[in-house]
$ cat entry-v9.cif   # mmCIF, C-alpha atoms
data_run
loop_
_atom_site.group_PDB
_atom_site.id
_atom_site.type_symbol
_atom_site.label_atom_id
_atom_site.label_comp_id
_atom_site.auth_asym_id
_atom_site.auth_seq_id
_atom_site.Cartn_x
_atom_site.Cartn_y
_atom_site.Cartn_z
ATOM 1 C CA MET A 1 0.000 0.000 0.000
ATOM 2 C CA THR A 2 1.410 3.393 -0.978
ATOM 3 C CA GLN A 3 1.341 6.443 1.278
ATOM 4 C CA ILE A 4 -1.363 8.286 -0.624
ATOM 5 C CA LYS A 5 -3.400 10.607 1.580
ATOM 6 C CA ASN A 6 -5.181 12.997 -0.771
ATOM 7 C CA ILE A 7 -6.626 12.132 -4.199
ATOM 8 C CA GLY A 8 -7.335 14.872 -6.720
ATOM 9 C CA LEU A 9 -10.397 14.166 -8.864
ATOM 10 C CA PHE A 10 -11.466 15.825 -12.111
ATOM 11 C CA THR A 11 -13.436 15.364 -15.320
ATOM 12 C CA SER A 12 -12.069 16.533 -18.657
ATOM 13 C CA GLY A 13 -13.018 16.691 -22.318
ATOM 14 C CA GLY A 14 -16.566 16.020 -23.450
ATOM 15 C CA ASP A 15 -19.124 15.276 -20.754
ATOM 16 C CA ALA A 16 -20.761 11.849 -20.614
ATOM 17 C CA PRO A 17 -23.734 10.482 -18.655
ATOM 18 C CA GLY A 18 -22.405 8.532 -15.675
ATOM 19 C CA MET A 19 -19.521 10.851 -14.862
ATOM 20 C CA ASN A 20 -21.316 11.905 -11.687
ATOM 21 C CA ALA A 21 -21.735 8.269 -10.686
ATOM 22 C CA ALA A 22 -17.980 7.835 -11.140
ATOM 23 C CA ILE A 23 -17.255 10.958 -9.077
ATOM 24 C CA ARG A 24 -19.492 9.617 -6.320
ATOM 25 C CA ALA A 25 -17.768 6.221 -6.369
ATOM 26 C CA VAL A 26 -14.269 7.698 -6.141
ATOM 27 C CA VAL A 27 -15.155 10.074 -3.295
ATOM 28 C CA ARG A 28 -16.967 7.474 -1.200
ATOM 29 C CA SER A 29 -14.341 4.799 -1.843
ATOM 30 C CA ALA A 30 -11.597 7.179 -0.772
ATOM 31 C CA THR A 31 -13.573 8.036 2.364
ATOM 32 C CA TYR A 32 -14.026 4.324 3.080
ATOM 33 C CA TYR A 33 -10.240 3.850 2.941
ATOM 34 C CA GLY A 34 -9.552 6.899 5.104
ATOM 35 C CA LEU A 35 -8.311 9.174 2.315
ATOM 36 C CA GLU A 36 -9.051 12.815 1.559
ATOM 37 C CA VAL A 37 -10.417 13.909 -1.801
ATOM 38 C CA THR A 38 -9.808 17.223 -3.523
ATOM 39 C CA GLY A 39 -12.222 18.069 -6.311
ATOM 40 C CA ILE A 40 -10.883 19.999 -9.281
ATOM 41 C CA ARG A 41 -13.377 22.031 -11.291
ATOM 42 C CA ARG A 42 -13.074 22.452 -15.081
ATOM 43 C CA GLY A 43 -10.437 19.807 -15.679
ATOM 44 C CA TYR A 44 -6.854 20.739 -16.431
ATOM 45 C CA GLU A 45 -7.768 24.394 -16.858
ATOM 46 C CA GLY A 46 -9.206 24.495 -13.354
ATOM 47 C CA MET A 47 -6.142 22.681 -12.045
ATOM 48 C CA ILE A 48 -3.945 25.462 -13.419
ATOM 49 C CA ASN A 49 -6.235 28.203 -12.075
ATOM 50 C CA GLY A 50 -6.488 26.723 -8.585
ATOM 51 C CA GLU A 51 -10.163 25.688 -8.683
ATOM 52 C CA LEU A 52 -9.603 23.018 -6.049
ATOM 53 C CA PHE A 53 -11.830 22.243 -3.062
ATOM 54 C CA ALA A 54 -12.295 19.555 -0.436
ATOM 55 C CA MET A 55 -14.916 16.872 -1.053
ATOM 56 C CA ASP A 56 -16.548 14.371 1.291
ATOM 57 C CA ARG A 57 -19.390 11.859 1.121
ATOM 58 C CA LYS A 58 -21.962 14.637 1.464
ATOM 59 C CA SER A 59 -20.496 16.405 -1.558
ATOM 60 C CA VAL A 60 -21.684 13.570 -3.772
ATOM 61 C CA ALA A 61 -25.104 12.914 -2.243
ATOM 62 C CA ASN A 62 -27.970 12.622 -4.726
ATOM 63 C CA ILE A 63 -25.840 12.867 -7.894
ATOM 64 C CA ILE A 64 -25.725 9.276 -9.165
ATOM 65 C CA GLN A 65 -28.832 9.873 -11.298
ATOM 66 C CA ARG A 66 -27.693 13.203 -12.774
ATOM 67 C CA GLY A 67 -26.222 13.664 -16.226
ATOM 68 C CA GLY A 68 -23.283 15.933 -16.938
ATOM 69 C CA THR A 69 -20.602 16.457 -14.309
ATOM 70 C CA ILE A 70 -20.784 18.411 -11.071
ATOM 71 C CA LEU A 71 -17.056 19.077 -11.412
ATOM 72 C CA LYS A 72 -17.607 20.800 -14.764
ATOM 73 C CA THR A 73 -15.307 20.158 -17.691
ATOM 74 C CA ALA A 74 -13.231 22.240 -20.063
ATOM 75 C CA ARG A 75 -10.480 21.935 -22.593
ATOM 76 C CA SER A 76 -7.112 23.525 -21.835
ATOM 77 C CA GLU A 77 -4.598 24.765 -24.360
ATOM 78 C CA GLN A 78 -2.385 26.019 -21.537
ATOM 79 C CA PHE A 79 -1.995 22.500 -20.109
ATOM 80 C CA LYS A 80 -0.428 21.386 -23.383
ATOM 81 C CA THR A 81 2.618 23.508 -22.524
ATOM 82 C CA PRO A 82 5.334 22.637 -19.966
ATOM 83 C CA GLU A 83 4.717 25.971 -18.264
ATOM 84 C CA GLY A 84 1.013 25.246 -17.873
ATOM 85 C CA ARG A 85 1.628 21.784 -16.458
ATOM 86 C CA LYS A 86 4.123 23.211 -13.968
ATOM 87 C CA LEU A 87 1.495 25.684 -12.744
ATOM 88 C CA ALA A 88 -0.959 22.797 -12.369
ATOM 89 C CA TYR A 89 1.528 20.780 -10.335
ATOM 90 C CA GLN A 90 2.216 23.726 -8.054
ATOM 91 C CA GLN A 91 -1.506 24.032 -7.357
ATOM 92 C CA LEU A 92 -1.694 20.325 -6.490
ATOM 93 C CA LYS A 93 1.226 20.665 -4.068
ATOM 94 C CA THR A 94 -0.383 23.728 -2.466
ATOM 95 C CA HIS A 95 -3.494 21.640 -1.778
ATOM 96 C CA ASN A 96 -1.479 18.573 -0.662
ATOM 97 C CA VAL A 97 -2.744 16.400 -3.521
ATOM 98 C CA ASP A 98 -0.495 13.386 -4.045
ATOM 99 C CA ALA A 99 -2.447 11.306 -6.609
ATOM 100 C CA LEU A 100 -5.015 11.905 -9.343
ATOM 101 C CA VAL A 101 -8.081 10.234 -10.816
ATOM 102 C CA ALA A 102 -8.888 11.564 -14.293
ATOM 103 C CA ILE A 103 -12.296 10.885 -15.819
ATOM 104 C CA GLY A 104 -12.389 11.413 -19.570
ATOM 105 C CA GLY A 105 -11.260 10.091 -22.922
ATOM 106 C CA ASP A 106 -8.319 10.054 -25.290
ATOM 107 C CA GLY A 107 -7.171 13.650 -24.800
ATOM 108 C CA THR A 108 -7.613 13.446 -21.042
ATOM 109 C CA PHE A 109 -5.413 10.365 -20.785
ATOM 110 C CA THR A 110 -2.773 11.770 -23.109
ATOM 111 C CA GLY A 111 -2.431 14.766 -20.804
ATOM 112 C CA ALA A 112 -2.501 12.545 -17.707
ATOM 113 C CA ARG A 113 0.298 10.331 -19.026
ATOM 114 C CA ILE A 114 2.581 13.276 -19.797
ATOM 115 C CA PHE A 115 1.788 15.008 -16.501
ATOM 116 C CA GLY A 116 2.287 11.882 -14.388
ATOM 117 C CA ASN A 117 5.646 11.164 -15.979
ATOM 118 C CA GLU A 118 6.902 14.754 -15.734
ATOM 119 C CA PHE A 119 6.137 15.176 -12.038
ATOM 120 C CA ASP A 120 6.187 11.582 -10.795
ATOM 121 C CA ILE A 121 2.625 11.737 -9.515
ATOM 122 C CA PRO A 122 0.411 8.611 -9.599
ATOM 123 C CA VAL A 123 -2.488 9.018 -12.027
ATOM 124 C CA VAL A 124 -5.203 6.572 -13.037
ATOM 125 C CA GLY A 125 -8.033 7.192 -15.470
ATOM 126 C CA LEU A 126 -11.679 6.246 -15.823
ATOM 127 C CA PRO A 127 -13.081 5.915 -19.376
ATOM 128 C CA GLY A 128 -15.702 8.661 -19.633
ATOM 129 C CA THR A 129 -16.755 9.216 -23.252
ATOM 130 C CA ILE A 130 -19.920 8.474 -25.209
ATOM 131 C CA ASP A 131 -17.894 7.297 -28.243
ATOM 132 C CA ASN A 132 -16.746 3.975 -26.714
ATOM 133 C CA ASP A 133 -13.484 4.393 -28.623
ATOM 134 C CA LEU A 134 -10.902 3.492 -25.972
ATOM 135 C CA LEU A 135 -8.957 0.255 -25.854
ATOM 136 C CA GLY A 136 -8.992 -1.576 -22.537
ATOM 137 C CA THR A 137 -12.700 -1.657 -21.730
ATOM 138 C CA ASP A 138 -15.728 -3.251 -23.357
ATOM 139 C CA PHE A 139 -17.785 -0.130 -22.738
ATOM 140 C CA THR A 140 -17.004 3.433 -21.730
ATOM 141 C CA ILE A 141 -19.002 5.478 -19.243
ATOM 142 C CA GLY A 142 -21.791 7.243 -21.138
ATOM 143 C CA TYR A 143 -21.923 5.034 -24.220
ATOM 144 C CA ASP A 144 -24.950 2.992 -23.174
ATOM 145 C CA THR A 145 -26.953 6.086 -22.262
ATOM 146 C CA ALA A 146 -25.989 7.827 -25.502
ATOM 147 C CA ILE A 147 -27.039 4.954 -27.761
ATOM 148 C CA ASN A 148 -30.337 4.630 -25.919
ATOM 149 C CA THR A 149 -30.908 8.363 -26.400
ATOM 150 C CA VAL A 150 -30.275 7.907 -30.126
ATOM 151 C CA ILE A 151 -32.640 4.938 -30.312
ATOM 152 C CA ASP A 152 -35.396 6.917 -28.604
ATOM 153 C CA ALA A 153 -34.928 9.786 -31.064
ATOM 154 C CA VAL A 154 -34.760 7.575 -34.153
ATOM 155 C CA ASP A 155 -37.884 5.668 -33.094
ATOM 156 C CA LYS A 156 -39.717 8.982 -33.020
ATOM 157 C CA ILE A 157 -38.257 9.978 -36.391
ATOM 158 C CA ARG A 158 -39.376 6.620 -37.796
ATOM 159 C CA ASP A 159 -42.975 7.427 -36.816
ATOM 160 C CA THR A 160 -43.044 10.590 -38.900
ATOM 161 C CA ALA A 161 -41.011 8.974 -41.697
ATOM 162 C CA GLU A 162 -43.635 6.260 -42.088
ATOM 163 C CA SER A 163 -46.506 8.727 -41.826
ATOM 164 C CA HIS A 164 -45.155 10.812 -44.730
ATOM 165 C CA ASP A 165 -43.188 8.181 -46.685
ATOM 166 C CA ARG A 166 -39.986 10.101 -46.047
ATOM 167 C CA VAL A 167 -36.303 9.239 -46.217
ATOM 168 C CA PHE A 168 -34.443 10.497 -43.149
ATOM 169 C CA ILE A 169 -30.676 10.922 -43.022
ATOM 170 C CA VAL A 170 -29.927 10.987 -39.288
ATOM 171 C CA GLU A 171 -26.517 12.171 -38.084
ATOM 172 C CA VAL A 172 -25.162 10.920 -34.765
ATOM 173 C CA MET A 173 -21.957 11.777 -32.915
ATOM 174 C CA GLY A 174 -18.738 10.046 -33.844
ATOM 175 C CA ARG A 175 -16.039 12.253 -35.324
ATOM 176 C CA ASP A 176 -13.457 9.450 -35.320
ATOM 177 C CA SER A 177 -15.553 6.443 -34.372
ATOM 178 C CA GLY A 178 -18.671 4.885 -35.863
ATOM 179 C CA LEU A 179 -19.578 2.763 -32.863
ATOM 180 C CA ILE A 180 -22.625 4.860 -31.941
ATOM 181 C CA ALA A 181 -23.885 4.745 -35.526
ATOM 182 C CA LEU A 182 -23.181 1.037 -35.901
ATOM 183 C CA ARG A 183 -25.016 -0.163 -32.825
ATOM 184 C CA THR A 184 -27.940 2.256 -33.131
ATOM 185 C CA GLY A 185 -28.267 1.469 -36.830
ATOM 186 C CA ILE A 186 -28.883 -2.180 -35.995
ATOM 187 C CA ALA A 187 -31.192 -1.440 -33.077
ATOM 188 C CA SER A 188 -33.312 1.098 -34.979
ATOM 189 C CA GLY A 189 -33.729 -1.038 -38.068
ATOM 190 C CA ALA A 190 -31.896 1.442 -40.304
ATOM 191 C CA GLU A 191 -31.684 0.703 -44.005
ATOM 192 C CA ALA A 192 -28.033 1.775 -44.066
ATOM 193 C CA ILE A 193 -25.272 3.163 -41.859
ATOM 194 C CA VAL A 194 -22.300 5.350 -42.788
ATOM 195 C CA ILE A 195 -19.235 5.359 -40.525
ATOM 196 C CA PRO A 196 -15.652 6.747 -40.585
ATOM 197 C CA GLU A 197 -14.106 3.275 -40.464
ATOM 198 C CA SER A 198 -15.489 2.368 -43.907
ATOM 199 C CA LYS A 199 -15.101 4.410 -47.085
ATOM 200 C CA THR A 200 -18.448 5.877 -48.067
ATOM 201 C CA ASN A 201 -19.687 4.895 -51.511
ATOM 202 C CA ILE A 202 -22.547 7.254 -52.317
ATOM 203 C CA ASN A 203 -23.592 5.301 -55.400
ATOM 204 C CA SER A 204 -23.736 2.055 -53.438
ATOM 205 C CA LEU A 205 -25.774 3.754 -50.715
ATOM 206 C CA CYS A 206 -28.227 5.161 -53.263
ATOM 207 C CA ASP A 207 -28.507 1.755 -54.949
ATOM 208 C CA ARG A 208 -29.443 0.224 -51.630
ATOM 209 C CA LEU A 209 -32.131 2.844 -51.083
ATOM 210 C CA GLU A 210 -33.440 2.359 -54.623
ATOM 211 C CA HIS A 211 -33.487 -1.438 -54.690
ATOM 212 C CA GLY A 212 -34.766 -2.044 -51.196
ATOM 213 C CA ARG A 213 -38.289 -3.149 -50.450
ATOM 214 C CA LYS A 214 -40.582 -1.496 -52.980
ATOM 215 C CA ASP A 215 -43.461 -1.476 -50.511
ATOM 216 C CA LYS A 216 -41.411 0.406 -47.914
ATOM 217 C CA LEU A 217 -41.204 4.060 -48.882
ATOM 218 C CA SER A 218 -39.904 5.357 -45.564
ATOM 219 C CA LYS A 219 -36.202 4.785 -44.951
ATOM 220 C CA ILE A 220 -33.641 5.638 -42.255
ATOM 221 C CA VAL A 221 -29.918 6.128 -42.853
ATOM 222 C CA ILE A 222 -27.696 6.574 -39.792
ATOM 223 C CA VAL A 223 -24.567 8.658 -40.434
ATOM 224 C CA ALA A 224 -21.637 9.183 -38.061
ATOM 225 C CA GLU A 225 -20.572 12.834 -38.155
ATOM 226 C CA GLY A 226 -16.993 11.943 -39.116
ATOM 227 C CA ASP A 227 -17.737 9.937 -42.260
ATOM 228 C CA ASP A 228 -15.611 10.788 -45.289
ATOM 229 C CA ALA A 229 -18.582 11.881 -47.407
ATOM 230 C CA GLY A 230 -19.055 15.079 -45.415
ATOM 231 C CA GLY A 231 -21.815 14.241 -42.965
ATOM 232 C CA ALA A 232 -25.576 13.965 -43.163
ATOM 233 C CA PHE A 233 -26.229 17.185 -45.110
ATOM 234 C CA GLU A 234 -23.822 16.207 -47.879
ATOM 235 C CA ILE A 235 -25.244 12.691 -48.094
ATOM 236 C CA GLY A 236 -28.743 14.128 -48.039
ATOM 237 C CA ARG A 237 -27.827 16.388 -50.962
ATOM 238 C CA HIS A 238 -26.671 13.414 -53.035
ATOM 239 C CA VAL A 239 -29.801 11.439 -52.220
ATOM 240 C CA LYS A 240 -32.037 14.380 -53.205
ATOM 241 C CA GLU A 241 -30.180 14.773 -56.508
ATOM 242 C CA ARG A 242 -30.442 11.064 -57.305
ATOM 243 C CA PHE A 243 -34.056 10.713 -56.151
ATOM 244 C CA PRO A 244 -35.847 14.043 -56.520
ATOM 245 C CA HIS A 245 -39.147 12.236 -56.046
ATOM 246 C CA TYR A 246 -38.143 11.154 -52.526
ATOM 247 C CA ASP A 247 -39.210 13.338 -49.632
ATOM 248 C CA THR A 248 -35.721 13.424 -48.082
ATOM 249 C CA ARG A 249 -35.011 15.094 -44.766
ATOM 250 C CA VAL A 250 -31.862 15.503 -42.669
ATOM 251 C CA SER A 251 -31.869 15.372 -38.873
ATOM 252 C CA ILE A 252 -28.800 16.179 -36.730
ATOM 253 C CA LEU A 253 -29.235 14.763 -33.235
ATOM 254 C CA GLY A 254 -26.278 16.715 -31.845
ATOM 255 C CA HIS A 255 -25.666 17.257 -28.164
ATOM 256 C CA ILE A 256 -28.809 15.580 -26.855
ATOM 257 C CA GLN A 257 -26.642 12.450 -27.045
ATOM 258 C CA ARG A 258 -24.409 13.775 -24.261
ATOM 259 C CA GLY A 259 -27.173 14.620 -21.814
ATOM 260 C CA GLY A 260 -29.810 12.880 -19.762
ATOM 261 C CA ARG A 261 -29.965 10.569 -16.802
ATOM 262 C CA PRO A 262 -27.391 7.783 -17.065
ATOM 263 C CA SER A 263 -28.698 4.288 -17.680
ATOM 264 C CA CYS A 264 -28.429 1.535 -15.089
ATOM 265 C CA GLN A 265 -25.520 0.031 -17.022
ATOM 266 C CA ASP A 266 -23.594 3.312 -17.006
ATOM 267 C CA ARG A 267 -24.225 3.854 -13.292
ATOM 268 C CA VAL A 268 -22.985 0.375 -12.416
ATOM 269 C CA LEU A 269 -19.978 0.626 -14.730
ATOM 270 C CA ALA A 270 -19.019 4.012 -13.279
ATOM 271 C CA SER A 271 -19.412 2.724 -9.730
ATOM 272 C CA ARG A 272 -17.269 -0.348 -10.344
ATOM 273 C CA VAL A 273 -14.380 1.459 -12.014
ATOM 274 C CA GLY A 274 -14.591 4.313 -9.490
ATOM 275 C CA VAL A 275 -13.996 1.941 -6.593
ATOM 276 C CA ALA A 276 -11.295 0.118 -8.566
ATOM 277 C CA ALA A 277 -9.489 3.413 -9.267
ATOM 278 C CA VAL A 278 -8.995 4.171 -5.575
ATOM 279 C CA GLU A 279 -7.893 0.613 -4.867
ATOM 280 C CA ALA A 280 -5.495 0.749 -7.828
ATOM 281 C CA LEU A 281 -3.797 3.874 -6.474
ATOM 282 C CA LEU A 282 -3.515 2.326 -3.030
ATOM 283 C CA GLY A 283 -2.010 -0.749 -4.656
ATOM 284 C CA GLY A 284 0.715 1.306 -6.320
ATOM 285 C CA ARG A 285 -0.680 1.395 -9.857
ATOM 286 C CA ARG A 286 -0.223 4.462 -12.043
ATOM 287 C CA ASN A 287 -0.507 5.681 -15.635
ATOM 288 C CA GLU A 288 -3.317 3.217 -16.346
ATOM 289 C CA MET A 289 -6.940 3.355 -17.391
ATOM 290 C CA ILE A 290 -9.337 1.294 -15.330
ATOM 291 C CA GLY A 291 -11.881 -0.558 -17.461
ATOM 292 C CA ILE A 292 -13.971 -3.705 -17.544
ATOM 293 C CA ILE A 293 -13.353 -6.522 -20.025
ATOM 294 C CA HIS A 294 -15.521 -9.641 -19.940
ATOM 295 C CA ASN A 295 -17.031 -8.388 -16.676
ATOM 296 C CA GLU A 296 -13.631 -8.220 -14.957
ATOM 297 C CA ILE A 297 -11.688 -5.104 -13.917
ATOM 298 C CA SER A 298 -8.843 -4.447 -16.359
ATOM 299 C CA TYR A 299 -5.823 -2.134 -16.332
ATOM 300 C CA THR A 300 -4.542 -0.624 -19.582
ATOM 301 C CA PRO A 301 -1.521 1.713 -19.839
ATOM 302 C CA PHE A 302 -2.561 5.166 -21.029
ATOM 303 C CA GLU A 303 -0.427 4.931 -24.150
ATOM 304 C CA HIS A 304 -2.357 1.837 -25.272
ATOM 305 C CA ALA A 305 -5.808 3.097 -24.305
ATOM 306 C CA CYS A 306 -5.178 6.315 -26.229
ATOM 307 C CA LYS A 307 -4.328 4.769 -29.578
ATOM 308 C CA HIS A 308 -7.860 5.288 -30.874
ATOM 309 C CA ASN A 309 -7.760 2.187 -33.068
ATOM 310 C CA VAL A 310 -10.796 0.244 -31.882
ATOM 311 C CA GLU A 311 -11.734 -2.065 -34.733
ATOM 312 C CA ILE A 312 -15.257 -2.358 -36.064
ATOM 313 C CA ASN A 313 -16.709 -5.850 -35.885
ATOM 314 C CA PRO A 314 -17.405 -6.782 -39.538
ATOM 315 C CA ASP A 315 -20.266 -9.004 -38.378
ATOM 316 C CA PHE A 316 -22.155 -5.864 -37.344
ATOM 317 C CA LEU A 317 -21.881 -4.432 -40.859
ATOM 318 C CA LYS A 318 -23.160 -7.724 -42.285
ATOM 319 C CA ILE A 319 -26.075 -7.701 -39.859
ATOM 320 C CA VAL A 320 -27.157 -4.250 -41.076
ATOM 321 C CA GLU A 321 -27.087 -5.449 -44.671
ATOM 322 C CA ILE A 322 -29.026 -8.653 -43.937
ATOM 323 C CA LEU A 323 -31.701 -7.097 -41.772
ATOM 324 C CA SER A 324 -32.368 -4.107 -44.051
ATOM 325 C CA ILE A 325 -33.975 -6.228 -46.785
#
$ encode --input "entry-v9.cif" --output "structure tokens"
Amino acid sequence: MTQIKNIGLFTSGGDAPGMNAAIRAVVRSATYYGLEVTGIRRGYEGMINGELFAMDRKSVANIIQRGGTILKTARSEQFKTPEGRKLAYQQLKTHNVDALVAIGGDGTFTGARIFGNEFDIPVVGLPGTIDNDLLGTDFTIGYDTAINTVIDAVDKIRDTAESHDRVFIVEVMGRDSGLIALRTGIASGAEAIVIPESKTNINSLCDRLEHGRKDKLSKIVIVAEGDDAGGAFEIGRHVKERFPHYDTRVSILGHIQRGGRPSCQDRVLASRVGVAAVEALLGGRRNEMIGIIHNEISYTPFEHACKHNVEINPDFLKIVEILSI
């Protein structure tokens, strides 16, 4: 057991449902083990600016069901510089913080790895991102809630699509990853999905729309925002040009995917990895992301978790094609 007495805790990057559940788990686990917790508002930027405050079990009462993050989040250009990181470290020393738990995604862990190595401070991370694009965990905190939010929205869009015999091009989040689009495309019965991991063939997509079921005039295409064709509006433009007789509409779901009450799965995931993070620090672990693989706690070095090369299961793409007939 290491001599850690005070854990600094922050969220960084994009918010994700379940971050509050993770905050709660870290604070109460630390209290259980007799440790102090220092909350850091607005991520690395708040660390530099001294937005640090003491937290206890009461600080996290009645937050497990809330979306967003009570610690706020922000991006920090200053932290990318050695001077900015030195200011952050000085603030941690002023507040007697001797270890960190970072909740976030790829950028958060990249910063945590550099910072931990520069100043020899133990840091572990919790995977908080709706994109599910980190290696070292089956699911990230927020992903399950986000895909259920998308499904709820697309189900509603399907109602109006069928009522008016419309084609809807629905854009979901996923600048670098198509995992939201892939899973929600299957679950919503979409006729096609478009994702960054596969080159978009507009002609092939239009052929699928044209030669699908003749008795089904309403159609749904799920598009990840980072696809190489330019997103839903560009795809919608091509579809309108090819099929001027179609009543084609574009819907951008946007930031509703980040909000809302976290699902049961996200709350349990966040709670499990939150407890494991405190125990990992006490056990001498550092520079690792805490995840869950095959229902078991896993530890992945930051440099591996941050590689952003999660592969798409080709079976999922085949399923979309089979079930869209």
$ resolve_selection --input "entry-v9.cif" --expression "the PyMOL selection byres ((chain A and resi 194-197) around 6)" --output "PyMOL selection string"
chain A and resi 178+193+198+223-224+226-227
$ closest_residue --input "entry-v9.cif" --among "A:Ala74, A:Ile322, A:Val268, A:Ala102" --to "Ala192 in chain A" --atoms "all atoms listed in the file"
A:Ile322
$ atom_distance --input "entry-v9.cif" --atom1 "CA of Asp120 in chain A" --atom2 "CA of Cys306 in chain A"
19.9 Å
$ atom_distance --input "entry-v9.cif" --atom1 "CA of Val250 in chain A" --atom2 "CA of Val154 in chain A"
12.0 Å
$ residues_near_point --input "entry-v9.cif" --point "(-10.0, 14.4, -22.6)" --cutoff "7 Å" --atoms "all atoms listed in the file" --output "list of chain:residue names"
A:Ser12, A:Gly13, A:Gly14, A:Gly104, A:Gly105, A:Asp106, A:Gly107, A:Thr108, A:Phe109
$ write_last_selection --input "entry-v9.cif" --atoms "C-alpha atoms" --output "PDB file, keeping the file's coordinate frame"
ATOM      1  CA  SER A  12     -12.069  16.533 -18.657  1.00  0.00           C
ATOM      2  CA  GLY A  13     -13.018  16.691 -22.318  1.00  0.00           C
ATOM      3  CA  GLY A  14     -16.566  16.020 -23.450  1.00  0.00           C
ATOM      4  CA  GLY A 104     -12.389  11.413 -19.570  1.00  0.00           C
ATOM      5  CA  GLY A 105     -11.260  10.091 -22.922  1.00  0.00           C
ATOM      6  CA  ASP A 106      -8.319  10.054 -25.290  1.00  0.00           C
ATOM      7  CA  GLY A 107      -7.171  13.650 -24.800  1.00  0.00           C
ATOM      8  CA  THR A 108      -7.613  13.446 -21.042  1.00  0.00           C
ATOM      9  CA  PHE A 109      -5.413  10.365 -20.785  1.00  0.00           C
TER      10      PHE A 109
END
$ resolve_selection --input "entry-v9.cif" --expression "the PyMOL selection byres ((chain A and resi 242) around 12)" --output "PyMOL selection string"
chain A and resi 202-207+209-210+235-241+243-248
$ resolve_selection --input "entry-v9.cif" --expression "the PyMOL selection byres ((chain A and resi 157-164) around 8)" --output "VMD selection string"
chain A and resid 153 to 156 165 to 168 217 to 220
$ atom_distance --input "entry-v9.cif" --atom1 "CA of Ile293 in chain A" --atom2 "CA of Asp266 in chain A"
14.5 Å
$ closest_residue --input "entry-v9.cif" --among "A:Ile103, A:Ala146, A:Ala88, A:Ile180" --to "Gly125 in chain A" --atoms "only C-alpha atoms"
A:Ile103
$ closest_residue --input "entry-v9.cif" --among "A:Thr11, A:Thr110, A:Asn20, A:Ser298" --to "Ile40 in chain A" --atoms "all atoms listed in the file"
A:Thr11
$ residues_around --input "entry-v9.cif" --residues "Thr69 in chain A" --least-positions-apart "4" --cutoff "12 Å" --atoms "all atoms listed in the file" --output "ChimeraX atom specification"
/A:9-24,39-43,60,63-65,73-74,103-104,128,142,258-262
$ closest_residue --input "entry-v9.cif" --among "A:Phe53, A:Tyr44, A:Tyr143, A:Phe302" --to "Asp131 in chain A" --atoms "only C-alpha atoms"
A:Tyr143
$ closest_residue --input "entry-v9.cif" --among "A:Ala54, A:Ile48, A:Ile4, A:Leu100" --to "Arg85 in chain A" --atoms "all atoms listed in the file"
A:Ile48
$ axis_aligned_box --input "entry-v9.cif" --around "range 127-143 of chain A" --padding-each-side "5 Å" --output "lines of an AutoDock Vina configuration file"
center_x = -15.4
center_y = 3.0
center_z = -23.9
size_x = 23.0
size_y = 22.5
size_z = 19.4
$ residues_around --input "entry-v9.cif" --residues "Glu321 in chain A" --least-positions-apart "6" --cutoff "10 Å" --atoms "all atoms listed in the file" --output "PyMOL selection string"
chain A and resi 186+190-193+208+315
$ write_last_selection --input "entry-v9.cif" --atoms "C-alpha atoms" --output "CSV table (one decimal), keeping the file's coordinate frame"
chain,number,residue,atom,x,y,z
A,186,ILE,CA,-28.9,-2.2,-36.0
A,190,ALA,CA,-31.9,1.4,-40.3
A,191,GLU,CA,-31.7,0.7,-44.0
A,192,ALA,CA,-28.0,1.8,-44.1
A,193,ILE,CA,-25.3,3.2,-41.9
A,208,ARG,CA,-29.4,0.2,-51.6
A,315,ASP,CA,-20.3,-9.0,-38.4
$ closest_residue --input "entry-v9.cif" --among "A:Arg285, A:Lys86, A:Lys199, A:Arg249" --to "Val221 in chain A" --atoms "only C-alpha atoms"
A:Arg249
$ residues_around --input "entry-v9.cif" --residues "Glu45 in chain A" --least-positions-apart "4" --cutoff "8 Å" --atoms "all atoms listed in the file" --output "compact mmCIF listing (two decimals) with C-alpha atoms, keeping the file's coordinate frame"
# COMPACT_ATOMS: atom_id res chain seq x y z
CA ASN A 49 -6.24 28.20 -12.08
CA ALA A 74 -13.23 22.24 -20.06
CA ARG A 75 -10.48 21.94 -22.59
CA SER A 76 -7.11 23.52 -21.84
CA GLN A 78 -2.38 26.02 -21.54
CA PHE A 79 -2.00 22.50 -20.11
